[in-house]
Amino acid sequence: MPEAIPAATGEDLILSLLRPHLLSLKPYSSARSEFDGRAEVYLDANENPFEGGYNRYPDPLQRDLKTALSGIHGVDVESIFVGNGSDEAIDLLMRLIGRPGRDCILQMPPTYGMYKVSAAINNLALVDVPLGADFQPDVRQVLAKASELGEQAKLLFVCTPNNPTGNDFKRDHVLSLIEGFDGLVVVDQAYSDFSSAPSYVDLLSDHPNLVVLQTLSKAYGLASARLGVAFASTAIVRWLNAIKPPYNVSGPSQAAGLEVLRDEARTRLQIKDILTERTRLEAELNSFEGIEQVYPSDSNFVLCRVPRADTWYAALVGQGIVVRNQTSKFEGVGHLRFTVGTAEENVRLLEALRALS
Ligand code: PMP
């Protein structure tokens with residue numbers, strides 16, 4: 001087990017960013033958080049007393065799961081938040097520090113669509129600073145925009161490997177963003193298990209404005225269980241816990257998470273297979289005439305520039321194969337995103353594309 005990284009407390013920073021009305025919040029105290037020991041008779045939570053496997057509320061703080069995550073990532077348990085998917089963490093971070101109608105969120109499109117949707121739901125302005133050459137962040141522009149916006153620039157989303165482009169951002173660029181941005185920098189690493197680049201969690205101890213998001217939905221194969229993780233300062237994690245719904249992660253999901261984390265070897269083997277398939281897919285896609293560009297991928301999908309994307313998308317659906325049409329994220333220029341499937345699924349995709357190309 002790696003040594004746990006001592007968490008930055010980050011108390012002052014979060015107090016300066018927090019929506020002021022939350023300072024007087026008295027968080028909900030659930031039955032399971034008020035009594036924490038072991039009892040023989042539980043008559044505290046208005047549950048159905050007949051044992052059926054699901055009749056009791058789950059641990060509101062998902063401690064077993066966090067202990068397992070702490071062992072794998074070398075991060076203190078107090079620096080780990082678990083959400084109902086990382087989408088929940090994205091929304092809670094906005095609700096924690098974004099003043100509706102006043103503050104802004106910065107993102108670097110084309111990127112993951114939920115940053116925009118969550119900002120809209122929370123009535124936060126979205127400020128776009130498009131990615132530059134090779135889909136890398138334009139650090140100077142982002143920091144110039146942030147300084148223009150001043151204290152209203154509350155959150156910057158940095159998705160690496162980025163969805164839908166698939167590439168890792170250069171570490172120097174991400175570091176410059178973390179160090180130059182005064183609000184919280186959310187480094188979304190949903191796809192990092194498919195990349196050879198090191199994780200950003202080791203920067204947590206020196207950077208109290210850093211939040212690292214990961215998920216069990218991708219490499220760990222638990223998309224249905226909805227388990228997302230935010231690694232951050234103890235102060236940020238405490239505040240996220242204060243505003244989350246009491247039992248935000250279901251008991252079956254916590255159990256499923258523990259099970260996959262205890263079998264890391266299986267996940268590593270699956271990742272290896274997916275990466276082998278990614279290499280094959282990239283090579284074959286490159287040979288098709290109708291594909292103008294196959295972008296290099298550090299994730300479990302491959303983005304391609306396909307002039308006839310709409311036609312191809314419809315034709316693939318006609319053959320029972322669904323891919324993602326990303327054309328709207330590229331100003332109308334045809335782009336398709338292919339998730340790496342099993343060897344058999346990829347063969348089917350390639351055969352169908354061969355017929356179209
Ligand atoms: N971040 C990125 C970059 C994603 O692509 C996704 C899911 N597509 C998420 C976060 C959300 O993942 P989760 O299933 O953990 O909510």
# chains A, B, ... in the order shown; residues from 1 in each chain; ligands from 1

call {"tool": "residues_near_ligand", "arguments": {"ligand": "ligand 1", "cutoff": "9 Å", "atoms": "only C-alpha atoms and all ligand atoms", "output": "JSON, numbers by chain"}}
result
{"A": [83, 84, 85, 86, 87, 88, 89, 90, 111, 112, 113, 114, 115, 159, 160, 161, 162, 163, 164, 188, 189, 190, 191, 213, 214, 215, 216, 217, 218, 222, 223, 224, 225, 226, 227, 228, 229]}

call {"tool": "select_by_dssp", "arguments": {"residues": "region 38-75 of chain A", "states": "alpha helix (DSSP H)", "output": "PyMOL selection string"}}
result
chain A and resi 63-73

call {"tool": "closest_atom_pairs", "arguments": {"of": "region 64-174 of chain A", "to": "region 284-303 of chain A", "cutoff": "6 Å", "atoms": "only C-alpha atoms", "output": "JSON lines"}}
result
{"residue": "A:Thr165", "atom": "CA", "partner": "A:Leu303", "partner_atom": "CA", "distance": 5.9}
{"residue": "A:Gly166", "atom": "CA", "partner": "A:Ser297", "partner_atom": "CA", "distance": 4.7}
{"residue": "A:Asn167", "atom": "CA", "partner": "A:Asp298", "partner_atom": "CA", "distance": 5.1}

call {"tool": "write_last_selection", "arguments": {"atoms": "C-alpha atoms", "output": "CSV table (one decimal), in the first residue's frame"}}
result
chain,number,residue,atom,x,y,z
A,165,THR,CA,-10.8,14.3,-28.3
A,166,GLY,CA,-9.2,11.4,-26.4
A,167,ASN,CA,-5.8,13.0,-25.7

call {"tool": "residues_around", "arguments": {"residues": "Leu18 (chain A)", "least_positions_apart": "2", "cutoff": "8 Å", "atoms": "only C-alpha atoms", "output": "PyMOL selection string"}}
result
chain A and resi 14-16+20+22-23+96-98

call {"tool": "residues_around", "arguments": {"residues": "region 171-173 of chain A", "least_positions_apart": "5", "cutoff": "10 Å", "atoms": "only C-alpha atoms", "output": "list in words"}}
result
Gln136, Pro137, Asp138, Val139, Arg140, Thr160, Ile178, Glu179, Ala197, Pro198, Ser199 and Tyr200 of chain A

call {"tool": "residues_around", "arguments": {"residues": "Leu210 (chain A)", "least_positions_apart": "4", "cutoff": "12 Å", "atoms": "only C-alpha atoms", "output": "VMD selection string"}}
result
chain A and resid 7 to 10 13 to 14 79 93 155 to 158 174 to 175 177 to 188 200 to 206 230 to 237

call {"tool": "decode", "arguments": {"residues": "region 270-315 of chain A", "atoms": "C-alpha atoms", "output": "mmCIF file, in the first residue's frame"}}
result
data_model
loop_
_atom_site.group_PDB
_atom_site.id
_atom_site.type_symbol
_atom_site.label_atom_id
_atom_site.label_comp_id
_atom_site.auth_asym_id
_atom_site.auth_seq_id
_atom_site.Cartn_x
_atom_site.Cartn_y
_atom_site.Cartn_z
ATOM 1 C CA GLN A 270 -9.343 -5.803 -19.028
ATOM 2 C CA ILE A 271 -7.519 -2.494 -19.484
ATOM 3 C CA LYS A 272 -4.680 -4.336 -21.219
ATOM 4 C CA ASP A 273 -7.151 -5.961 -23.637
ATOM 5 C CA ILE A 274 -8.873 -2.645 -24.306
ATOM 6 C CA LEU A 275 -5.523 -0.978 -25.058
ATOM 7 C CA THR A 276 -4.524 -3.772 -27.455
ATOM 8 C CA GLU A 277 -7.860 -3.350 -29.224
ATOM 9 C CA ARG A 278 -7.437 0.426 -29.294
ATOM 10 C CA THR A 279 -4.131 0.082 -31.117
ATOM 11 C CA ARG A 280 -5.698 -2.279 -33.671
ATOM 12 C CA LEU A 281 -8.748 -0.052 -34.119
ATOM 13 C CA GLU A 282 -6.570 3.047 -34.647
ATOM 14 C CA ALA A 283 -4.461 1.257 -37.269
ATOM 15 C CA GLU A 284 -7.481 -0.050 -39.186
ATOM 16 C CA LEU A 285 -9.418 3.211 -39.013
ATOM 17 C CA ASN A 286 -6.394 4.932 -40.514
ATOM 18 C CA SER A 287 -6.732 2.779 -43.623
ATOM 19 C CA PHE A 288 -10.263 3.936 -44.507
ATOM 20 C CA GLU A 289 -10.630 6.501 -47.268
ATOM 21 C CA GLY A 290 -13.713 8.107 -45.794
ATOM 22 C CA ILE A 291 -11.861 8.923 -42.561
ATOM 23 C CA GLU A 292 -9.798 12.099 -42.876
ATOM 24 C CA GLN A 293 -8.101 11.887 -39.505
ATOM 25 C CA VAL A 294 -7.764 9.435 -36.646
ATOM 26 C CA TYR A 295 -6.787 11.382 -33.545
ATOM 27 C CA PRO A 296 -4.292 9.784 -31.135
ATOM 28 C CA SER A 297 -6.051 8.410 -28.053
ATOM 29 C CA ASP A 298 -5.000 8.060 -24.406
ATOM 30 C CA SER A 299 -8.457 6.782 -23.468
ATOM 31 C CA ASN A 300 -10.878 3.959 -24.331
ATOM 32 C CA PHE A 301 -12.299 5.635 -27.424
ATOM 33 C CA VAL A 302 -11.038 6.960 -30.717
ATOM 34 C CA LEU A 303 -12.177 10.207 -32.317
ATOM 35 C CA CYS A 304 -12.160 10.474 -36.110
ATOM 36 C CA ARG A 305 -12.831 13.263 -38.565
ATOM 37 C CA VAL A 306 -15.379 11.812 -40.973
ATOM 38 C CA PRO A 307 -16.819 14.245 -43.547
ATOM 39 C CA ARG A 308 -19.925 12.080 -44.022
ATOM 40 C CA ALA A 309 -20.429 11.539 -40.284
ATOM 41 C CA ASP A 310 -24.229 11.933 -40.322
ATOM 42 C CA THR A 311 -24.680 9.402 -43.143
ATOM 43 C CA TRP A 312 -22.246 6.968 -41.563
ATOM 44 C CA TYR A 313 -23.874 7.303 -38.170
ATOM 45 C CA ALA A 314 -27.304 6.473 -39.601
ATOM 46 C CA ALA A 315 -25.915 3.560 -41.638
#
